[in-house]
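**Student:** Here you go, one structure.
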Amino acid sequence: MSTHPLGNSGPRAALHGWLLLLPAAVLLAAFTHYPAVATFWHSLFSTPRPNRPAVFIGAEHYRDLLADPIFWTALNNNLIFAAGTILPSIALALVMALWVNERIAGRGLLRLAYFTPTVLPMIAVANIWLFFYTPDYGLFDQVRGLFGLPAHNWLGSTETALGAIIVVAVWKEAGFFMIFYLAALQQIPPELREAARLEGASRWQAFWKVTFPLLMPTTLFVLINAIINAFRLIDHIFVMTRGGPDNASSLLLYYIYEVGFRFWDQGYAAALTMVLLAILAVVALFKFFWLERKVHYQ
Amino acid sequence: MSKPLSALTRIAAGLGLAAALAATPAAATELTFFYPVAVGGPVTKIIDDMAAAFEKDNPGIRVKPVYSGSYQDTITKVVTAVKGGDAPHVSVLLSTDMYTLIDEDAVVPFDDLVKTAEERAWMTSFYPGFMQNSQTGGKTWGIPFQRSTVVMYWNKELFTQAGLDPERPPQNWNELIEYGKKLTKRDAAGNVTTWGVQVPSSGFPYWLFQTFTTQNGIELMNAAGNETYFDKPEVVEALQYWVDLSRKHGIHPPGVVEWGTTPKDFFERKAAIIYTTTGNLTNIRANAGFDFGVAMLPAGKRLGSPTGGGNFHVFKRSTPEEREAALKFVRWMTTPQRAAEWSIATGYVAVSPAAWETDTMKKYVADFPAPTVARDQLEYAVAELSTHENQRVTKALNDGLQAALNGTKTPEQAMRDAQREAERILRAYR
């Protein structure tokens, strides 16, 4: 470390370092930091119209937000959506990965089948799911019909619309997370499991005490992705429910889209975006300061 | 430092020149034309063919038709494009988006485009019922193209099976319930196999709802588009009637009924009577495997339906040549002959009385009189709900309607909430 590759030290080395960082820093500043700050700035102004320029209104958008029932519905829905997608999709991914990691016939095909949802574009599969959910002729109602059950309007009733959206998201995500688990499982040295068996551990103990802890770094990565997706994955809502009926399946980001690009109330949309940013910031802090310490890296 | 800068400047200048060259009018004026599709059938092909025929008739003009999704998608795309400085030249948009387009300063009134007496006469050649949503403040902002009213389609076979006269549709609200009860069929387990009546409520339930409010003798908004009357007792009553069709009488599917699959439910005999746009007529005629009828909607205190559908709009950000070409295109698309052909191809109401006088149209209705129903209903039609910040105000109403249809709110509560939200939005426009 005594000689720097360029033979320099001090201010020139620092400059060199900064220059190397510059491209990434410029991209981050231009596409992440500046938009975030600009969004906050815009959220303090009224929305400009051709005959009414924007005026500074301070926290008024934020006060409106607190009084906006649709915002609370969307936020509440989003929390249910997060709870309904994060753990189920991770659990399903893990089970699928353990399953296709075994030496079974047709393993390649099975892996392919589990991974397919990830490859397909969300808009396309949402249309297929739309058909599954269609009352009377849809796949689900056809199957229910075999058992003499009545048709159900899955996407058209307030009770089931959000659940229907959650199922699609889990289906879409689980295969993607499975790939990470599968890769991680193949990294685990087989000796560890053999040692566990020699010690007389049952299959469950071997999984719970050996395999699962070794998968923790993957679980953390997958968990972060799942949390982000819970606030980001809204493509299928456009196709399937458009947030309805009566906002029963509206999520925060979808509501932001509606306010920003259907109602053209950009000031208010900016305030809503700040809420979403704050939620994601809390998630990031939680990851760095708490979860990171719980994870054992090999 | 000066060298690279000057190189940059030169490149920038070059780019600017290239852009300027690209912008200078070439031999042909090119028009971008956005259009939505809201009914079944091969509409994109019909539009492409019409654009090609127009180009053949007008060698100096090229038209680029762009299919832009649903009406909702189209207004979103158009306003985004306007804000980005890349507006289309012409677009078909819901007539109700008029205030939004004016507030965005996006469109030019046709009064500013027409020059000759002939062109001025053309502007007044359409049914007045369709002009209600096309004019405000003494100016004409939209030209009717794919316009419609809500009509009732009924399955004559199912009527006969239920012991009803297949040639006589229900005439009023009470008869609709009475007929609906006879037409609703259940299997041994008590599950409904055929609903008596089905009124779709996804996407734009306010439009279907307006049939009930109009029939109940009340309008939903004022002509200036800055006041709504959602919480009036007549409106609540109308909603109660719609909700009761399913909740009290059990003759209408529960919850929110999908707009898109309603014609299919009709083909599959899952619904004996449906309410939908006359724009679906050709689709239903081609796909219904049984004898069906088309009628005006059953009357409440009076007959009634809102008009609906799309108008042509010409956008502000355009050169004089482009505007002239745009006017030519819109005029060409709405000539009586073309209006008749378009009406036959889709089922939309031919927009001018002259179109009904063409041989093409006369021949068509001679052996298939159904299209005249929507035309005759125009006499009882009112303007479709349209206000400033239309998307937002109609969402307030739509949310309320869907809440009531789902039973999460009473009709009264739902309409009170919708009115409160509309008040909040429209206060700024008074």
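If you're wondering about the labels, chains in the structure tokens are A, B, ... by order shown, residues count from 1 in each chain, ligands from 1 in order shown.
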So that I can see what lies close to Leu385 (chain B), please list as a ChimeraX atom specification the residues with an atom at most 7 Å from it, counting only C-alpha atoms and leaving out residues fewer than 6 positions away in the same chain.
**Tutor:** /B:96,220-221
**Student:** Set out as a Markdown table a contact list for chain B and chain A with a cut-off of 6 Å, giving each residue of chain B that qualifies its closest atom pair and distance in Å to one decimal, counting only C-alpha atoms, ordered by chain and rising residue number.
**Tutor:**
| residue | atom | partner | partner_atom | distance |
| --- | --- | --- | --- | --- |
| B:Thr76 | CA | A:Arg262 | CA | 6.0 |
| B:Glu104 | CA | A:Pro50 | CA | 5.9 |
| B:Asn191 | CA | A:Pro150 | CA | 5.4 |
| B:Gly255 | CA | A:Ser157 | CA | 5.1 |
| B:Val256 | CA | A:Gly156 | CA | 4.5 |
| B:Arg392 | CA | A:Phe263 | CA | 5.8 |
| B:Asp399 | CA | A:Asp246 | CA | 4.2 |
| B:Gln402 | CA | A:Asp246 | CA | 5.4 |
| B:Ala403 | CA | A:Asp246 | CA | 5.4 |
**Student:** Pull all heavy atoms from the residues just selected and write them as a PDB file, in the first residue's frame.
**Tutor:**
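Saved to selection05.pdb:
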ATOM      1  N   THR B  76     -55.249  10.204 -21.448  1.00  0.00           N
ATOM      2  CA  THR B  76     -53.982  10.246 -20.709  1.00  0.00           C
ATOM      3  C   THR B  76     -52.814  10.470 -21.664  1.00  0.00           C
ATOM      4  O   THR B  76     -51.967  11.334 -21.443  1.00  0.00           O
ATOM      5  CB  THR B  76     -53.773   8.930 -19.939  1.00  0.00           C
ATOM      6  OG1 THR B  76     -54.873   8.742 -19.067  1.00  0.00           O
ATOM      7  CG2 THR B  76     -52.485   8.960 -19.137  1.00  0.00           C
ATOM      8  N   GLU B 104     -56.650  22.659 -20.311  1.00  0.00           N
ATOM      9  CA  GLU B 104     -55.230  22.412 -20.608  1.00  0.00           C
ATOM     10  C   GLU B 104     -54.745  23.284 -21.766  1.00  0.00           C
ATOM     11  O   GLU B 104     -53.595  23.188 -22.168  1.00  0.00           O
ATOM     12  CB  GLU B 104     -55.000  20.936 -20.954  1.00  0.00           C
ATOM     13  CG  GLU B 104     -55.117  19.978 -19.776  1.00  0.00           C
ATOM     14  CD  GLU B 104     -54.052  20.207 -18.714  1.00  0.00           C
ATOM     15  OE1 GLU B 104     -53.017  20.812 -19.030  1.00  0.00           O
ATOM     16  OE2 GLU B 104     -54.280  19.792 -17.564  1.00  0.00           O
ATOM     17  N   ASN B 191     -78.523 -21.722  -8.052  1.00  0.00           N
ATOM     18  CA  ASN B 191     -77.601 -20.773  -8.678  1.00  0.00           C
ATOM     19  C   ASN B 191     -78.221 -20.217  -9.961  1.00  0.00           C
ATOM     20  O   ASN B 191     -78.840 -20.957 -10.723  1.00  0.00           O
ATOM     21  CB  ASN B 191     -76.280 -21.451  -9.024  1.00  0.00           C
ATOM     22  CG  ASN B 191     -75.597 -21.977  -7.776  1.00  0.00           C
ATOM     23  OD1 ASN B 191     -75.702 -21.389  -6.704  1.00  0.00           O
ATOM     24  ND2 ASN B 191     -74.933 -23.103  -7.922  1.00  0.00           N
ATOM     25  N   GLY B 255     -72.693  -7.067  -7.368  1.00  0.00           N
ATOM     26  CA  GLY B 255     -71.362  -6.457  -7.485  1.00  0.00           C
ATOM     27  C   GLY B 255     -71.209  -5.640  -8.751  1.00  0.00           C
ATOM     28  O   GLY B 255     -72.187  -5.196  -9.348  1.00  0.00           O
ATOM     29  N   VAL B 256     -69.959  -5.452  -9.142  1.00  0.00           N
ATOM     30  CA  VAL B 256     -69.654  -4.637 -10.308  1.00  0.00           C
ATOM     31  C   VAL B 256     -69.619  -5.532 -11.550  1.00  0.00           C
ATOM     32  O   VAL B 256     -68.883  -6.502 -11.594  1.00  0.00           O
ATOM     33  CB  VAL B 256     -68.314  -3.907 -10.116  1.00  0.00           C
ATOM     34  CG1 VAL B 256     -67.836  -3.294 -11.413  1.00  0.00           C
ATOM     35  CG2 VAL B 256     -68.461  -2.838  -9.045  1.00  0.00           C
ATOM     36  N   ARG B 392     -61.693  13.488 -12.526  1.00  0.00           N
ATOM     37  CA  ARG B 392     -61.720  13.409 -11.079  1.00  0.00           C
ATOM     38  C   ARG B 392     -63.143  13.407 -10.547  1.00  0.00           C
ATOM     39  O   ARG B 392     -63.480  12.661  -9.633  1.00  0.00           O
ATOM     40  CB  ARG B 392     -60.977  14.628 -10.537  1.00  0.00           C
ATOM     41  CG  ARG B 392     -60.395  14.400  -9.205  1.00  0.00           C
ATOM     42  CD  ARG B 392     -59.514  15.555  -8.852  1.00  0.00           C
ATOM     43  NE  ARG B 392     -58.490  15.084  -7.949  1.00  0.00           N
ATOM     44  CZ  ARG B 392     -57.509  15.845  -7.512  1.00  0.00           C
ATOM     45  NH1 ARG B 392     -57.400  17.078  -7.929  1.00  0.00           N
ATOM     46  NH2 ARG B 392     -56.621  15.363  -6.686  1.00  0.00           N
ATOM     47  N   ASP B 399     -66.850   5.874  -7.869  1.00  0.00           N
ATOM     48  CA  ASP B 399     -66.534   5.206  -6.604  1.00  0.00           C
ATOM     49  C   ASP B 399     -67.800   5.021  -5.779  1.00  0.00           C
ATOM     50  O   ASP B 399     -68.035   3.955  -5.212  1.00  0.00           O
ATOM     51  CB  ASP B 399     -65.514   6.027  -5.805  1.00  0.00           C
ATOM     52  CG  ASP B 399     -64.116   5.937  -6.392  1.00  0.00           C
ATOM     53  OD1 ASP B 399     -63.911   5.106  -7.295  1.00  0.00           O
ATOM     54  OD2 ASP B 399     -63.239   6.696  -5.952  1.00  0.00           O
ATOM     55  N   GLN B 402     -70.024   2.286  -7.324  1.00  0.00           N
ATOM     56  CA  GLN B 402     -69.523   0.934  -7.100  1.00  0.00           C
ATOM     57  C   GLN B 402     -69.667   0.536  -5.629  1.00  0.00           C
ATOM     58  O   GLN B 402     -69.956  -0.626  -5.330  1.00  0.00           O
ATOM     59  CB  GLN B 402     -68.068   0.835  -7.566  1.00  0.00           C
ATOM     60  CG  GLN B 402     -67.958   1.011  -9.081  1.00  0.00           C
ATOM     61  CD  GLN B 402     -66.577   0.734  -9.627  1.00  0.00           C
ATOM     62  OE1 GLN B 402     -65.587   0.794  -8.903  1.00  0.00           O
ATOM     63  NE2 GLN B 402     -66.499   0.433 -10.909  1.00  0.00           N
ATOM     64  N   ALA B 403     -69.495   1.497  -4.741  1.00  0.00           N
ATOM     65  CA  ALA B 403     -69.672   1.200  -3.312  1.00  0.00           C
ATOM     66  C   ALA B 403     -71.122   0.796  -3.044  1.00  0.00           C
ATOM     67  O   ALA B 403     -71.389  -0.159  -2.317  1.00  0.00           O
ATOM     68  CB  ALA B 403     -69.286   2.415  -2.476  1.00  0.00           C
TER      69      ALA B 403
END
**Student:** List as a PyMOL selection string the protein and nucleic acid residues near region 269-277 of chain A, meaning an atom at most 9 Å away when only C-alpha atoms are counted, but skip any in the same chain fewer than 2 places from it.
**Tutor:** chain A and resi 36+38-44+61-62+65+71+231+252-253+255-261+264-267+279-282
**Student:** Could you turn the residues from that selection into a file that holds N, CA and C atoms, as a PDB file, in the first residue's frame?
**Tutor:**
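Generated file (out26.pdb):
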ATOM      1  N   ALA A  36     -35.880  13.259  -6.421  1.00  0.00           N
ATOM      2  CA  ALA A  36     -36.469  13.185  -5.079  1.00  0.00           C
ATOM      3  C   ALA A  36     -36.606  14.583  -4.483  1.00  0.00           C
ATOM      4  N   ALA A  38     -36.621  17.425  -6.162  1.00  0.00           N
ATOM      5  CA  ALA A  38     -37.557  18.207  -6.978  1.00  0.00           C
ATOM      6  C   ALA A  38     -38.996  17.832  -6.634  1.00  0.00           C
ATOM      7  N   THR A  39     -39.233  16.551  -6.401  1.00  0.00           N
ATOM      8  CA  THR A  39     -40.580  16.103  -6.040  1.00  0.00           C
ATOM      9  C   THR A  39     -41.023  16.774  -4.747  1.00  0.00           C
ATOM     10  N   PHE A  40     -40.101  16.795  -3.775  1.00  0.00           N
ATOM     11  CA  PHE A  40     -40.444  17.444  -2.504  1.00  0.00           C
ATOM     12  C   PHE A  40     -40.747  18.925  -2.732  1.00  0.00           C
ATOM     13  N   TRP A  41     -39.928  19.571  -3.532  1.00  0.00           N
ATOM     14  CA  TRP A  41     -40.116  20.991  -3.848  1.00  0.00           C
ATOM     15  C   TRP A  41     -41.488  21.214  -4.500  1.00  0.00           C
ATOM     16  N   HIS A  42     -41.820  20.385  -5.499  1.00  0.00           N
ATOM     17  CA  HIS A  42     -43.108  20.530  -6.198  1.00  0.00           C
ATOM     18  C   HIS A  42     -44.284  20.286  -5.264  1.00  0.00           C
ATOM     19  N   SER A  43     -44.062  19.423  -4.264  1.00  0.00           N
ATOM     20  CA  SER A  43     -45.181  19.090  -3.378  1.00  0.00           C
ATOM     21  C   SER A  43     -45.579  20.282  -2.508  1.00  0.00           C
ATOM     22  N   LEU A  44     -44.756  21.314  -2.503  1.00  0.00           N
ATOM     23  CA  LEU A  44     -45.073  22.502  -1.713  1.00  0.00           C
ATOM     24  C   LEU A  44     -45.799  23.565  -2.542  1.00  0.00           C
ATOM     25  N   HIS A  61     -50.878  20.470   0.670  1.00  0.00           N
ATOM     26  CA  HIS A  61     -51.091  19.156   0.058  1.00  0.00           C
ATOM     27  C   HIS A  61     -51.032  18.058   1.106  1.00  0.00           C
ATOM     28  N   TYR A  62     -50.140  18.235   2.073  1.00  0.00           N
ATOM     29  CA  TYR A  62     -49.996  17.205   3.103  1.00  0.00           C
ATOM     30  C   TYR A  62     -51.196  17.191   4.037  1.00  0.00           C
ATOM     31  N   LEU A  65     -53.901  15.480   2.196  1.00  0.00           N
ATOM     32  CA  LEU A  65     -53.602  14.054   2.181  1.00  0.00           C
ATOM     33  C   LEU A  65     -54.158  13.365   3.425  1.00  0.00           C
ATOM     34  N   PHE A  71     -56.651   8.153  -0.129  1.00  0.00           N
ATOM     35  CA  PHE A  71     -55.259   7.938   0.245  1.00  0.00           C
ATOM     36  C   PHE A  71     -55.156   6.882   1.340  1.00  0.00           C
ATOM     37  N   PHE A 231     -44.526  -2.356  -3.103  1.00  0.00           N
ATOM     38  CA  PHE A 231     -44.925  -0.971  -3.330  1.00  0.00           C
ATOM     39  C   PHE A 231     -44.756  -0.546  -4.791  1.00  0.00           C
ATOM     40  N   LEU A 252     -50.921   2.377  -3.333  1.00  0.00           N
ATOM     41  CA  LEU A 252     -50.377   3.728  -3.246  1.00  0.00           C
ATOM     42  C   LEU A 252     -49.833   4.221  -4.592  1.00  0.00           C
ATOM     43  N   LEU A 253     -49.018   3.403  -5.239  1.00  0.00           N
ATOM     44  CA  LEU A 253     -48.413   3.845  -6.492  1.00  0.00           C
ATOM     45  C   LEU A 253     -49.472   4.019  -7.580  1.00  0.00           C
ATOM     46  N   TYR A 255     -52.538   4.915  -7.061  1.00  0.00           N
ATOM     47  CA  TYR A 255     -53.246   6.157  -6.749  1.00  0.00           C
ATOM     48  C   TYR A 255     -52.403   7.367  -7.185  1.00  0.00           C
ATOM     49  N   ILE A 256     -51.088   7.264  -6.990  1.00  0.00           N
ATOM     50  CA  ILE A 256     -50.211   8.351  -7.434  1.00  0.00           C
ATOM     51  C   ILE A 256     -50.342   8.532  -8.941  1.00  0.00           C
ATOM     52  N   TYR A 257     -50.373   7.405  -9.667  1.00  0.00           N
ATOM     53  CA  TYR A 257     -50.538   7.493 -11.118  1.00  0.00           C
ATOM     54  C   TYR A 257     -51.854   8.185 -11.469  1.00  0.00           C
ATOM     55  N   GLU A 258     -52.911   7.771 -10.789  1.00  0.00           N
ATOM     56  CA  GLU A 258     -54.224   8.362 -11.085  1.00  0.00           C
ATOM     57  C   GLU A 258     -54.214   9.869 -10.858  1.00  0.00           C
ATOM     58  N   VAL A 259     -53.699  10.274  -9.701  1.00  0.00           N
ATOM     59  CA  VAL A 259     -53.695  11.702  -9.380  1.00  0.00           C
ATOM     60  C   VAL A 259     -52.779  12.455 -10.340  1.00  0.00           C
ATOM     61  N   GLY A 260     -51.633  11.853 -10.651  1.00  0.00           N
ATOM     62  CA  GLY A 260     -50.652  12.551 -11.479  1.00  0.00           C
ATOM     63  C   GLY A 260     -50.993  12.562 -12.954  1.00  0.00           C
ATOM     64  N   PHE A 261     -51.487  11.434 -13.468  1.00  0.00           N
ATOM     65  CA  PHE A 261     -51.624  11.336 -14.921  1.00  0.00           C
ATOM     66  C   PHE A 261     -53.049  11.184 -15.415  1.00  0.00           C
ATOM     67  N   TRP A 264     -54.070  14.996 -13.450  1.00  0.00           N
ATOM     68  CA  TRP A 264     -53.079  16.030 -13.719  1.00  0.00           C
ATOM     69  C   TRP A 264     -52.878  16.970 -12.546  1.00  0.00           C
ATOM     70  N   ASP A 265     -53.036  16.444 -11.333  1.00  0.00           N
ATOM     71  CA  ASP A 265     -52.780  17.242 -10.145  1.00  0.00           C
ATOM     72  C   ASP A 265     -51.378  16.892  -9.663  1.00  0.00           C
ATOM     73  N   GLN A 266     -50.373  17.458 -10.332  1.00  0.00           N
ATOM     74  CA  GLN A 266     -49.014  17.008 -10.063  1.00  0.00           C
ATOM     75  C   GLN A 266     -48.503  17.414  -8.688  1.00  0.00           C
ATOM     76  N   GLY A 267     -48.977  18.544  -8.192  1.00  0.00           N
ATOM     77  CA  GLY A 267     -48.541  18.964  -6.870  1.00  0.00           C
ATOM     78  C   GLY A 267     -48.939  17.942  -5.821  1.00  0.00           C
ATOM     79  N   ILE A 279     -41.800   5.778   3.145  1.00  0.00           N
ATOM     80  CA  ILE A 279     -41.992   4.370   3.510  1.00  0.00           C
ATOM     81  C   ILE A 279     -40.785   3.552   3.071  1.00  0.00           C
ATOM     82  N   LEU A 280     -40.336   3.774   1.834  1.00  0.00           N
ATOM     83  CA  LEU A 280     -39.208   2.996   1.324  1.00  0.00           C
ATOM     84  C   LEU A 280     -37.917   3.343   2.069  1.00  0.00           C
ATOM     85  N   ALA A 281     -37.789   4.595   2.503  1.00  0.00           N
ATOM     86  CA  ALA A 281     -36.605   4.980   3.269  1.00  0.00           C
ATOM     87  C   ALA A 281     -36.572   4.233   4.596  1.00  0.00           C
ATOM     88  N   VAL A 282     -37.742   4.118   5.230  1.00  0.00           N
ATOM     89  CA  VAL A 282     -37.819   3.386   6.496  1.00  0.00           C
ATOM     90  C   VAL A 282     -37.408   1.933   6.278  1.00  0.00           C
TER      91      VAL A 282
END
**Student:** Could you list, as a list in words, every residue within 6 Å of region 117-125 of chain A, counting only C-alpha atoms and ignoring same-chain residues fewer than 3 positions away?
**Tutor:**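 So the residues in contact are Ile128, Lys172, Phe176 and His236 of chain A.
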**Student:** Mind dumping the selected residues with N, CA and C atoms as a PDB file, in the first residue's frame?
**Tutor:**
ATOM      1  N   ILE A 128     -54.384 -12.820 -18.953  1.00  0.00           N
ATOM      2  CA  ILE A 128     -54.746 -14.230 -18.785  1.00  0.00           C
ATOM      3  C   ILE A 128     -55.467 -14.434 -17.449  1.00  0.00           C
ATOM      4  N   LYS A 172     -46.504 -14.407  -9.621  1.00  0.00           N
ATOM      5  CA  LYS A 172     -45.510 -13.780 -10.482  1.00  0.00           C
ATOM      6  C   LYS A 172     -44.132 -13.764  -9.839  1.00  0.00           C
ATOM      7  N   PHE A 176     -39.295 -16.095  -9.411  1.00  0.00           N
ATOM      8  CA  PHE A 176     -38.093 -15.267  -9.468  1.00  0.00           C
ATOM      9  C   PHE A 176     -37.247 -15.484  -8.213  1.00  0.00           C
ATOM     10  N   HIS A 236     -50.446  -5.081 -13.115  1.00  0.00           N
ATOM     11  CA  HIS A 236     -51.643  -5.895 -13.319  1.00  0.00           C
ATOM     12  C   HIS A 236     -52.919  -5.175 -12.897  1.00  0.00           C
TER      13      HIS A 236
END
**Student:** Work out how far CA of Phe140 (chain A) is from CA of Ile273 (chain B), in Å to one decimal.
**Tutor:**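 Result for CA of Ile273 (chain B) versus CA of Phe140 (chain A): 25.2 Å, one decimal.
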**Student:** I want to know what sits within 10 Å of Gly84 (chain A), based on only C-alpha atoms, with residues of the same chain fewer than 2 positions away left out; could you give that as a PyMOL selection string?
**Tutor:** chain A and resi 78-82+86-89+162-163+165-167+169-170+230
**Student:** Please provide as a PyMOL selection string all residues within 6 Å of Phe230 (chain B), with the sequence filter that same-chain residues fewer than 2 positions apart are discarded (counting only C-alpha atoms).
**Tutor:** chain B and resi 228+232+415+419
**Student:** Limited to N, CA and C atoms, could you put the picked residues into a file as a CSV table (one decimal), in the first residue's frame?
**Tutor:**
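File produced: part.csv:
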chain,number,residue,atom,x,y,z
B,228,THR,N,-72.4,20.0,-9.6
B,228,THR,CA,-73.1,18.7,-9.7
B,228,THR,C,-74.2,18.5,-8.7
B,232,LYS,N,-79.0,14.9,-4.8
B,232,LYS,CA,-80.4,15.2,-4.9
B,232,LYS,C,-81.3,13.9,-4.7
B,415,MET,N,-73.9,8.7,-2.4
B,415,MET,CA,-74.1,9.9,-3.2
B,415,MET,C,-73.7,11.2,-2.5
B,419,GLN,N,-70.9,13.7,-3.8
B,419,GLN,CA,-71.2,15.1,-4.0
B,419,GLN,C,-70.2,16.0,-3.2
**Student:** Please provide as a VMD selection string all residues within 8 Å of region 39-45 of chain B, with the sequence filter that same-chain residues fewer than 2 positions apart are discarded (counting only C-alpha atoms).
**Tutor:** chain B and resid 37 47 to 49 67 279 to 280 282 to 283 346
**Student:** Report, in Å to a single decimal, how far apart CA of Ile143 (chain B) and CA of Asp112 (chain B) are.
**Tutor:**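 CA of Asp112 (chain B) sits 13.4 Å away from CA of Ile143 (chain B).
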**Student:** Just list the residues in region 69-185 of chain A DSSP gives alpha helix (DSSP H) on the backbone, as an MDAnalysis selection string.
**Tutor:** chainID A and resid 69:101 107:119 122:133 139:146 161:185
**Student:** Run DSSP on the backbone and tell me which residues of region 39-252 of chain B come out as strand (DSSP E); list them as an MDAnalysis selection string.
**Tutor:** chainID B and resid 61:67 90:94 107:108 135:136 139:140 143:155 185:186 192:198
**Student:** I need the residue nearest Leu426 (chain B) from this list: B:Gln171, B:Gln240, B:Gln72, B:Asn222. Use only C-alpha atoms for the distance.
**Tutor:**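 Answer, going by the shortest atom-to-atom distance: B:Asn222.
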